[in-house]
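Enquirer: Here you go, input.cif (mmCIF, N, CA and C atoms):
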data_input
loop_
_atom_site.label_atom_id
_atom_site.label_comp_id
_atom_site.auth_asym_id
_atom_site.auth_seq_id
_atom_site.Cartn_x
_atom_site.Cartn_y
_atom_site.Cartn_z
N GLN U 1 96.91 73.04 97.75
CA GLN U 1 98.35 73.13 97.48
C GLN U 1 98.77 74.59 97.51
N VAL U 2 99.78 74.88 98.31
CA VAL U 2 100.24 76.26 98.44
C VAL U 2 101.08 76.64 97.22
N GLN U 3 100.79 77.79 96.67
CA GLN U 3 101.58 78.31 95.56
C GLN U 3 101.98 79.75 95.86
N LEU U 4 103.23 80.08 95.51
CA LEU U 4 103.72 81.45 95.65
C LEU U 4 103.93 82.00 94.24
N VAL U 5 103.37 83.16 94.00
CA VAL U 5 103.50 83.79 92.69
C VAL U 5 104.15 85.15 92.85
N GLU U 6 105.27 85.34 92.15
CA GLU U 6 105.99 86.61 92.22
C GLU U 6 105.70 87.45 90.98
N SER U 7 105.85 88.74 91.14
CA SER U 7 105.72 89.66 90.01
C SER U 7 106.55 90.90 90.28
N GLY U 8 106.82 91.66 89.21
CA GLY U 8 107.48 92.95 89.37
C GLY U 8 108.93 93.01 88.94
N GLY U 9 109.50 91.91 88.52
CA GLY U 9 110.88 91.96 88.06
C GLY U 9 110.99 92.69 86.73
N GLY U 10 112.22 92.89 86.29
CA GLY U 10 112.42 93.54 85.01
C GLY U 10 113.82 94.10 84.86
N LEU U 11 113.96 94.97 83.88
CA LEU U 11 115.24 95.61 83.57
C LEU U 11 115.17 97.07 84.00
N VAL U 12 116.20 97.51 84.70
CA VAL U 12 116.24 98.89 85.18
C VAL U 12 117.67 99.39 85.15
N GLN U 13 117.85 100.68 84.97
CA GLN U 13 119.19 101.24 85.01
C GLN U 13 119.67 101.40 86.45
N ALA U 14 120.97 101.42 86.60
CA ALA U 14 121.56 101.63 87.93
C ALA U 14 121.02 102.92 88.53
N GLY U 15 120.69 102.84 89.82
CA GLY U 15 120.10 103.99 90.50
C GLY U 15 118.59 104.00 90.47
N GLY U 16 118.01 103.14 89.68
CA GLY U 16 116.56 103.06 89.56
C GLY U 16 115.93 102.23 90.66
N SER U 17 114.61 102.04 90.53
CA SER U 17 113.83 101.32 91.54
C SER U 17 112.94 100.27 90.89
N LEU U 18 112.67 99.25 91.65
CA LEU U 18 111.69 98.22 91.29
C LEU U 18 110.98 97.78 92.55
N ARG U 19 109.77 97.29 92.37
CA ARG U 19 109.01 96.73 93.49
C ARG U 19 108.58 95.33 93.11
N LEU U 20 108.95 94.37 93.93
CA LEU U 20 108.55 92.98 93.73
C LEU U 20 107.38 92.66 94.65
N SER U 21 106.49 91.84 94.15
CA SER U 21 105.35 91.40 94.95
C SER U 21 105.26 89.88 94.94
N CYS U 22 104.77 89.33 96.03
CA CYS U 22 104.60 87.89 96.15
C CYS U 22 103.29 87.61 96.88
N ALA U 23 102.55 86.66 96.35
CA ALA U 23 101.30 86.26 96.99
C ALA U 23 101.27 84.75 97.12
N ALA U 24 100.95 84.28 98.31
CA ALA U 24 100.80 82.85 98.56
C ALA U 24 99.32 82.51 98.58
N SER U 25 98.96 81.49 97.83
CA SER U 25 97.56 81.06 97.79
C SER U 25 97.47 79.58 98.12
N GLY U 26 96.23 79.13 98.35
CA GLY U 26 96.01 77.71 98.58
C GLY U 26 96.11 77.27 100.03
N THR U 27 96.03 78.22 100.96
CA THR U 27 96.09 77.87 102.36
C THR U 27 95.20 78.80 103.17
N ILE U 28 94.67 78.26 104.26
CA ILE U 28 93.88 79.11 105.16
C ILE U 28 94.74 79.65 106.29
N PHE U 29 95.97 79.18 106.37
CA PHE U 29 96.87 79.57 107.46
C PHE U 29 97.67 80.81 107.07
N SER U 30 98.02 81.57 108.08
CA SER U 30 98.86 82.75 107.85
C SER U 30 100.33 82.36 107.90
N ALA U 31 101.11 82.97 107.05
CA ALA U 31 102.54 82.68 107.02
C ALA U 31 103.21 83.21 108.28
N ASN U 32 104.10 82.40 108.84
CA ASN U 32 104.88 82.84 109.98
C ASN U 32 105.98 83.80 109.54
N VAL U 33 106.57 83.45 108.41
CA VAL U 33 107.67 84.24 107.88
C VAL U 33 107.53 84.30 106.36
N MET U 34 107.79 85.46 105.82
CA MET U 34 107.89 85.60 104.37
C MET U 34 109.16 86.37 104.06
N GLY U 35 109.75 86.05 102.92
CA GLY U 35 110.99 86.72 102.60
C GLY U 35 111.37 86.62 101.15
N TRP U 36 112.44 87.28 100.83
CA TRP U 36 112.99 87.30 99.48
C TRP U 36 114.43 86.83 99.50
N TYR U 37 114.75 85.98 98.57
CA TYR U 37 116.11 85.51 98.35
C TYR U 37 116.48 85.84 96.91
N ARG U 38 117.78 85.77 96.63
CA ARG U 38 118.19 85.97 95.25
C ARG U 38 119.36 85.06 94.92
N GLN U 39 119.47 84.78 93.63
CA GLN U 39 120.58 83.95 93.17
C GLN U 39 121.10 84.51 91.87
N ALA U 40 122.35 84.93 91.91
CA ALA U 40 123.03 85.43 90.72
C ALA U 40 123.73 84.26 90.03
N PRO U 41 124.01 84.38 88.75
CA PRO U 41 124.69 83.29 88.04
C PRO U 41 126.01 82.91 88.71
N GLY U 42 126.18 81.62 88.94
CA GLY U 42 127.41 81.13 89.53
C GLY U 42 127.54 81.34 91.02
N LYS U 43 126.47 81.85 91.64
CA LYS U 43 126.53 82.11 93.08
C LYS U 43 125.43 81.34 93.81
N GLN U 44 125.61 81.22 95.11
CA GLN U 44 124.60 80.55 95.92
C GLN U 44 123.42 81.48 96.17
N ARG U 45 122.27 80.87 96.42
CA ARG U 45 121.10 81.65 96.77
C ARG U 45 121.33 82.29 98.14
N GLU U 46 120.96 83.55 98.27
CA GLU U 46 121.19 84.27 99.52
C GLU U 46 119.94 85.01 99.96
N LEU U 47 119.83 85.19 101.26
CA LEU U 47 118.73 85.96 101.82
C LEU U 47 118.90 87.43 101.47
N VAL U 48 117.82 88.05 101.02
CA VAL U 48 117.81 89.49 100.78
C VAL U 48 117.11 90.19 101.95
N ALA U 49 115.90 89.75 102.25
CA ALA U 49 115.14 90.36 103.34
C ALA U 49 114.05 89.41 103.78
N GLY U 50 113.70 89.49 105.06
CA GLY U 50 112.64 88.67 105.59
C GLY U 50 111.80 89.46 106.57
N ILE U 51 110.56 88.99 106.77
CA ILE U 51 109.66 89.65 107.71
C ILE U 51 108.80 88.59 108.37
N THR U 52 108.63 88.71 109.70
CA THR U 52 107.82 87.76 110.43
C THR U 52 106.37 88.26 110.52
N SER U 53 105.52 87.41 111.04
CA SER U 53 104.12 87.79 111.21
C SER U 53 103.97 88.93 112.21
N ALA U 54 104.96 89.09 113.08
CA ALA U 54 104.94 90.18 114.06
C ALA U 54 105.50 91.48 113.48
N GLY U 55 106.03 91.40 112.27
CA GLY U 55 106.56 92.59 111.64
C GLY U 55 108.05 92.80 111.81
N THR U 56 108.72 91.85 112.43
CA THR U 56 110.17 91.95 112.58
C THR U 56 110.84 91.70 111.24
N THR U 57 111.78 92.57 110.89
CA THR U 57 112.44 92.46 109.59
C THR U 57 113.94 92.21 109.76
N ASN U 58 114.53 91.61 108.76
CA ASN U 58 115.98 91.50 108.70
C ASN U 58 116.41 91.62 107.24
N TYR U 59 117.60 92.15 107.05
CA TYR U 59 118.11 92.43 105.71
C TYR U 59 119.55 91.97 105.57
N ALA U 60 119.91 91.62 104.36
CA ALA U 60 121.32 91.40 104.05
C ALA U 60 122.04 92.74 104.16
N ASP U 61 123.27 92.70 104.60
CA ASP U 61 124.03 93.94 104.76
C ASP U 61 124.12 94.70 103.44
N SER U 62 124.19 93.98 102.35
CA SER U 62 124.38 94.60 101.04
C SER U 62 123.18 95.42 100.57
N VAL U 63 122.01 95.21 101.19
CA VAL U 63 120.81 95.93 100.75
C VAL U 63 120.25 96.87 101.80
N LYS U 64 120.83 96.86 102.99
CA LYS U 64 120.33 97.73 104.06
C LYS U 64 120.35 99.19 103.62
N GLY U 65 119.27 99.87 103.89
CA GLY U 65 119.16 101.28 103.52
C GLY U 65 118.68 101.50 102.09
N ARG U 66 118.63 100.44 101.31
CA ARG U 66 118.16 100.57 99.91
C ARG U 66 116.87 99.79 99.66
N PHE U 67 116.74 98.65 100.31
CA PHE U 67 115.58 97.79 100.11
C PHE U 67 114.69 97.83 101.35
N THR U 68 113.39 97.71 101.14
CA THR U 68 112.45 97.64 102.25
C THR U 68 111.43 96.54 101.97
N ILE U 69 111.21 95.69 102.97
CA ILE U 69 110.24 94.61 102.83
C ILE U 69 108.96 94.99 103.58
N TYR U 70 107.82 94.70 102.97
CA TYR U 70 106.52 95.02 103.54
C TYR U 70 105.63 93.79 103.53
N ARG U 71 104.81 93.64 104.57
CA ARG U 71 103.71 92.69 104.50
C ARG U 71 102.56 93.41 103.81
N GLY U 72 101.94 92.77 102.86
CA GLY U 72 100.83 93.39 102.16
C GLY U 72 99.56 93.39 102.98
N ASN U 73 98.58 94.14 102.54
CA ASN U 73 97.30 94.19 103.24
C ASN U 73 96.56 92.86 103.13
N ALA U 74 96.69 92.21 102.00
CA ALA U 74 96.05 90.90 101.84
C ALA U 74 96.87 89.85 102.59
N LYS U 75 96.21 88.83 103.04
CA LYS U 75 96.90 87.77 103.78
C LYS U 75 97.95 87.10 102.91
N ASN U 76 99.07 86.82 103.52
CA ASN U 76 100.14 86.06 102.86
C ASN U 76 100.66 86.74 101.59
N THR U 77 100.82 88.05 101.68
CA THR U 77 101.46 88.78 100.59
C THR U 77 102.64 89.56 101.17
N VAL U 78 103.63 89.75 100.33
CA VAL U 78 104.82 90.48 100.75
C VAL U 78 105.40 91.21 99.55
N ASP U 79 105.83 92.43 99.78
CA ASP U 79 106.46 93.24 98.74
C ASP U 79 107.89 93.57 99.12
N LEU U 80 108.70 93.80 98.11
CA LEU U 80 110.08 94.24 98.32
C LEU U 80 110.30 95.49 97.48
N GLN U 81 110.46 96.62 98.13
CA GLN U 81 110.76 97.86 97.43
C GLN U 81 112.27 97.99 97.33
N MET U 82 112.76 98.07 96.11
CA MET U 82 114.20 98.12 95.87
C MET U 82 114.55 99.47 95.24
N ASN U 83 115.32 100.27 95.96
CA ASN U 83 115.76 101.58 95.49
C ASN U 83 117.27 101.59 95.31
N SER U 84 117.73 102.59 94.58
CA SER U 84 119.18 102.75 94.36
C SER U 84 119.82 101.44 93.89
N LEU U 85 119.20 100.84 92.93
CA LEU U 85 119.66 99.53 92.46
C LEU U 85 121.04 99.63 91.83
N LYS U 86 121.81 98.57 92.02
CA LYS U 86 123.17 98.48 91.51
C LYS U 86 123.28 97.27 90.57
N PRO U 87 124.24 97.29 89.67
CA PRO U 87 124.40 96.12 88.79
C PRO U 87 124.58 94.83 89.56
N GLU U 88 125.20 94.89 90.72
CA GLU U 88 125.42 93.68 91.52
C GLU U 88 124.13 93.16 92.16
N ASP U 89 123.04 93.88 92.02
CA ASP U 89 121.75 93.38 92.47
C ASP U 89 121.09 92.47 91.43
N THR U 90 121.69 92.38 90.27
CA THR U 90 121.15 91.53 89.22
C THR U 90 121.12 90.08 89.66
N ALA U 91 119.96 89.47 89.57
CA ALA U 91 119.78 88.08 90.02
C ALA U 91 118.34 87.65 89.75
N VAL U 92 118.10 86.38 89.95
CA VAL U 92 116.72 85.89 90.02
C VAL U 92 116.30 86.00 91.48
N TYR U 93 115.18 86.65 91.71
CA TYR U 93 114.67 86.86 93.06
C TYR U 93 113.53 85.87 93.33
N TYR U 94 113.63 85.20 94.46
CA TYR U 94 112.66 84.19 94.84
C TYR U 94 111.95 84.61 96.12
N CYS U 95 110.66 84.37 96.13
CA CYS U 95 109.87 84.56 97.34
C CYS U 95 109.84 83.24 98.12
N ARG U 96 109.97 83.34 99.41
CA ARG U 96 109.91 82.16 100.28
C ARG U 96 108.92 82.42 101.40
N SER U 97 108.18 81.38 101.75
CA SER U 97 107.21 81.51 102.84
C SER U 97 107.27 80.30 103.74
N LEU U 98 107.13 80.54 105.02
CA LEU U 98 107.06 79.47 106.01
C LEU U 98 105.63 79.48 106.57
N ILE U 99 104.90 78.44 106.23
CA ILE U 99 103.48 78.34 106.62
C ILE U 99 103.28 77.01 107.31
N SER U 100 102.83 77.08 108.55
CA SER U 100 102.59 75.86 109.34
C SER U 100 103.81 74.95 109.30
N LEU U 101 104.96 75.55 109.50
CA LEU U 101 106.24 74.84 109.59
C LEU U 101 106.68 74.21 108.27
N ARG U 102 106.02 74.55 107.18
CA ARG U 102 106.44 74.05 105.88
C ARG U 102 106.94 75.21 105.04
N GLU U 103 107.94 74.92 104.23
CA GLU U 103 108.62 75.93 103.43
C GLU U 103 108.12 75.86 101.99
N TYR U 104 107.87 77.04 101.45
CA TYR U 104 107.41 77.12 100.07
C TYR U 104 108.22 78.18 99.33
N TRP U 105 108.43 77.93 98.03
CA TRP U 105 109.19 78.86 97.19
C TRP U 105 108.40 79.23 95.95
N GLY U 106 108.61 80.45 95.50
CA GLY U 106 108.06 80.86 94.22
C GLY U 106 108.98 80.42 93.10
N GLN U 107 108.56 80.71 91.89
CA GLN U 107 109.30 80.26 90.72
C GLN U 107 110.44 81.21 90.35
N GLY U 108 110.45 82.38 90.94
CA GLY U 108 111.53 83.34 90.71
C GLY U 108 111.16 84.39 89.67
N THR U 109 111.71 85.58 89.85
CA THR U 109 111.52 86.65 88.88
C THR U 109 112.86 87.34 88.64
N GLN U 110 113.16 87.59 87.39
CA GLN U 110 114.47 88.14 87.03
C GLN U 110 114.51 89.64 87.26
N VAL U 111 115.58 90.08 87.92
CA VAL U 111 115.87 91.51 88.07
C VAL U 111 117.23 91.76 87.43
N THR U 112 117.26 92.65 86.47
CA THR U 112 118.50 92.98 85.79
C THR U 112 118.75 94.48 85.91
N VAL U 113 119.91 94.85 86.43
CA VAL U 113 120.27 96.24 86.60
C VAL U 113 121.43 96.55 85.67
N SER U 114 121.21 97.46 84.75
CA SER U 114 122.25 97.81 83.79
C SER U 114 123.07 99.00 84.30
N SER U 115 124.34 98.99 83.94
CA SER U 115 125.23 100.08 84.41
C SER U 115 125.23 101.26 83.46
#
Would you kindly transcribe this structure into structure tokens?
Expert:
Amino acid sequence: QVQLVESGGGLVQAGGSLRLSCAASGTIFSANVMGWYRQAPGKQRELVAGITSAGTTNYADSVKGRFTIYRGNAKNTVDLQMNSLKPEDTAVYYCRSLISLREYWGQGTQVTVSS
């Protein structure tokens, strides 16, 4: 059974940085796509950043130039480096992975940015 485990959330002041990590376990297959989504209270879940197995990345316009997504050295791991954080970045951040055409989600990690 594939499981995604996120870590690295927390409370930070505006202008600060955080790094989120996600690891998928329980599969011998490599993820085709891994990414990060977020959901703020009262809002829909939205894509933050994604990366393919080939290294192609895409970002939400709101985070371009501030966030960077990386594939980790270990198989099926992905990190999100978040710099210049803003209060509007406050949300629960979820890791998503597409493995063998199946979609998996992590349980989410809270990121809170204080002004």
Enquirer: Quick one: distance from atom C of U:Gly10 to atom C of U:Gln110 in Å, one decimal?
Expert: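 According to the coordinates, atom C of U:Gly10 and atom C of U:Gln110 are separated by 5.1 Å.
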Enquirer: In Å, with one decimal, what is the gap from atom N of U:Pro87 to atom N of U:Tyr104?
Expert: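 Rounded to one decimal, the two atoms are 28.6 Å apart.
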Enquirer: Ranking U:Val111, U:Arg102, U:Leu85, U:Thr57 by minimum distance to U:Ala14 and counting all atoms listed in the file, which one comes first?
Expert: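 Looking only at the distances to U:Ala14, the closest residue turns out to be U:Leu85.
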Enquirer: To one decimal in Å, tell me the separation between atom C of U:Gly65 and atom C of U:Gly8.
Expert: 18.4 Å
Enquirer: Hey, which of U:Asn76, U:Tyr94, U:Ala31, U:Ala54 ends up closest to U:Thr109? Count only N, CA and C atoms.
Expert: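 Smallest separation from U:Thr109 among the options: U:Tyr94.
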Enquirer: Evaluate the PyMOL selection byres (((chain U and resi 41 and name CA) around 10) and name CA) and record the selected residues as a PyMOL selection string, following the chain and residue labels used in the document.
Expert: chain U and resi 39-40+42-45+90-92
Enquirer: For the PyMOL selection byres ((chain U and resi 78) around 7), applied here, can you spell out every residue it catches as a PyMOL selection string?
Expert: chain U and resi 20-24+34-35+69-72+75-77+79-80
Enquirer: Quick one: residues within 7 Å of U:Ile99, only C-alpha atoms, excluding same-chain residues fewer than 4 positions away - as a count of residues only?
Expert: 5
Enquirer: Please output stretch 72-98 of chain U, rebuilt to include N, CA, C and O atoms, as a JSON list (two decimals), in the frame of the given file.
Expert:
[["chain", "number", "residue", "atom", "x", "y", "z"],
["U", 72, "GLY", "N", 101.94, 92.77, 102.86],
["U", 72, "GLY", "CA", 100.83, 93.39, 102.16],
["U", 72, "GLY", "C", 99.56, 93.39, 102.98],
["U", 72, "GLY", "O", 99.48, 92.73, 104.02],
["U", 73, "ASN", "N", 98.58, 94.14, 102.54],
["U", 73, "ASN", "CA", 97.30, 94.19, 103.24],
["U", 73, "ASN", "C", 96.56, 92.86, 103.13],
["U", 73, "ASN", "O", 95.87, 92.44, 104.07],
["U", 74, "ALA", "N", 96.69, 92.21, 102.00],
["U", 74, "ALA", "CA", 96.05, 90.90, 101.84],
["U", 74, "ALA", "C", 96.87, 89.85, 102.59],
["U", 74, "ALA", "O", 98.09, 89.99, 102.73],
["U", 75, "LYS", "N", 96.21, 88.83, 103.04],
["U", 75, "LYS", "CA", 96.90, 87.77, 103.78],
["U", 75, "LYS", "C", 97.95, 87.10, 102.91],
["U", 75, "LYS", "O", 97.72, 86.86, 101.73],
["U", 76, "ASN", "N", 99.07, 86.82, 103.52],
["U", 76, "ASN", "CA", 100.14, 86.06, 102.86],
["U", 76, "ASN", "C", 100.66, 86.74, 101.59],
["U", 76, "ASN", "O", 100.88, 86.09, 100.56],
["U", 77, "THR", "N", 100.82, 88.05, 101.68],
["U", 77, "THR", "CA", 101.46, 88.78, 100.59],
["U", 77, "THR", "C", 102.64, 89.56, 101.17],
["U", 77, "THR", "O", 102.62, 89.97, 102.33],
["U", 78, "VAL", "N", 103.63, 89.75, 100.33],
["U", 78, "VAL", "CA", 104.82, 90.48, 100.75],
["U", 78, "VAL", "C", 105.40, 91.21, 99.55],
["U", 78, "VAL", "O", 105.40, 90.68, 98.44],
["U", 79, "ASP", "N", 105.83, 92.43, 99.78],
["U", 79, "ASP", "CA", 106.46, 93.24, 98.74],
["U", 79, "ASP", "C", 107.89, 93.57, 99.12],
["U", 79, "ASP", "O", 108.22, 93.63, 100.32],
["U", 80, "LEU", "N", 108.70, 93.80, 98.11],
["U", 80, "LEU", "CA", 110.08, 94.24, 98.32],
["U", 80, "LEU", "C", 110.30, 95.49, 97.48],
["U", 80, "LEU", "O", 110.30, 95.41, 96.24],
["U", 81, "GLN", "N", 110.46, 96.62, 98.13],
["U", 81, "GLN", "CA", 110.76, 97.86, 97.43],
["U", 81, "GLN", "C", 112.27, 97.99, 97.33],
["U", 81, "GLN", "O", 112.96, 97.99, 98.35],
["U", 82, "MET", "N", 112.76, 98.07, 96.11],
["U", 82, "MET", "CA", 114.20, 98.12, 95.87],
["U", 82, "MET", "C", 114.55, 99.47, 95.24],
["U", 82, "MET", "O", 114.11, 99.78, 94.14],
["U", 83, "ASN", "N", 115.32, 100.27, 95.96],
["U", 83, "ASN", "CA", 115.76, 101.58, 95.49],
["U", 83, "ASN", "C", 117.27, 101.59, 95.31],
["U", 83, "ASN", "O", 117.97, 100.72, 95.82],
["U", 84, "SER", "N", 117.73, 102.59, 94.58],
["U", 84, "SER", "CA", 119.18, 102.75, 94.36],
["U", 84, "SER", "C", 119.82, 101.44, 93.89],
["U", 84, "SER", "O", 120.86, 101.02, 94.42],
["U", 85, "LEU", "N", 119.20, 100.84, 92.93],
["U", 85, "LEU", "CA", 119.66, 99.53, 92.46],
["U", 85, "LEU", "C", 121.04, 99.63, 91.83],
["U", 85, "LEU", "O", 121.38, 100.64, 91.18],
["U", 86, "LYS", "N", 121.81, 98.57, 92.02],
["U", 86, "LYS", "CA", 123.17, 98.48, 91.51],
["U", 86, "LYS", "C", 123.28, 97.27, 90.57],
["U", 86, "LYS", "O", 122.51, 96.30, 90.71],
["U", 87, "PRO", "N", 124.24, 97.29, 89.67],
["U", 87, "PRO", "CA", 124.40, 96.12, 88.79],
["U", 87, "PRO", "C", 124.58, 94.83, 89.56],
["U", 87, "PRO", "O", 124.13, 93.77, 89.11],
["U", 88, "GLU", "N", 125.20, 94.89, 90.72],
["U", 88, "GLU", "CA", 125.42, 93.68, 91.52],
["U", 88, "GLU", "C", 124.13, 93.16, 92.16],
["U", 88, "GLU", "O", 124.13, 92.08, 92.76],
["U", 89, "ASP", "N", 123.04, 93.88, 92.02],
["U", 89, "ASP", "CA", 121.75, 93.38, 92.47],
["U", 89, "ASP", "C", 121.09, 92.47, 91.43],
["U", 89, "ASP", "O", 120.05, 91.87, 91.69],
["U", 90, "THR", "N", 121.69, 92.38, 90.27],
["U", 90, "THR", "CA", 121.15, 91.53, 89.22],
["U", 90, "THR", "C", 121.12, 90.08, 89.66],
["U", 90, "THR", "O", 122.14, 89.53, 90.10],
["U", 91, "ALA", "N", 119.96, 89.47, 89.57],
["U", 91, "ALA", "CA", 119.78, 88.08, 90.02],
["U", 91, "ALA", "C", 118.34, 87.65, 89.75],
["U", 91, "ALA", "O", 117.50, 88.49, 89.40],
["U", 92, "VAL", "N", 118.10, 86.38, 89.95],
["U", 92, "VAL", "CA", 116.72, 85.89, 90.02],
["U", 92, "VAL", "C", 116.30, 86.00, 91.48],
["U", 92, "VAL", "O", 117.00, 85.51, 92.37],
["U", 93, "TYR", "N", 115.18, 86.65, 91.71],
["U", 93, "TYR", "CA", 114.67, 86.86, 93.06],
["U", 93, "TYR", "C", 113.53, 85.87, 93.33],
["U", 93, "TYR", "O", 112.60, 85.76, 92.53],
["U", 94, "TYR", "N", 113.63, 85.20, 94.46],
["U", 94, "TYR", "CA", 112.66, 84.19, 94.84],
["U", 94, "TYR", "C", 111.95, 84.61, 96.12],
["U", 94, "TYR", "O", 112.58, 85.06, 97.09],
["U", 95, "CYS", "N", 110.66, 84.37, 96.13],
["U", 95, "CYS", "CA", 109.87, 84.56, 97.34],
["U", 95, "CYS", "C", 109.84, 83.24, 98.12],
["U", 95, "CYS", "O", 109.72, 82.16, 97.52],
["U", 96, "ARG", "N", 109.97, 83.34, 99.41],
["U", 96, "ARG", "CA", 109.91, 82.16, 100.28],
["U", 96, "ARG", "C", 108.92, 82.42, 101.40],
["U", 96, "ARG", "O", 108.84, 83.54, 101.92],
["U", 97, "SER", "N", 108.18, 81.38, 101.75],
["U", 97, "SER", "CA", 107.21, 81.51, 102.84],
["U", 97, "SER", "C", 107.27, 80.30, 103.74],
["U", 97, "SER", "O", 107.43, 79.18, 103.26],
["U", 98, "LEU", "N", 107.13, 80.54, 105.02],
["U", 98, "LEU", "CA", 107.06, 79.47, 106.01],
["U", 98, "LEU", "C", 105.63, 79.48, 106.57],
["U", 98, "LEU", "O", 105.23, 80.43, 107.24]]
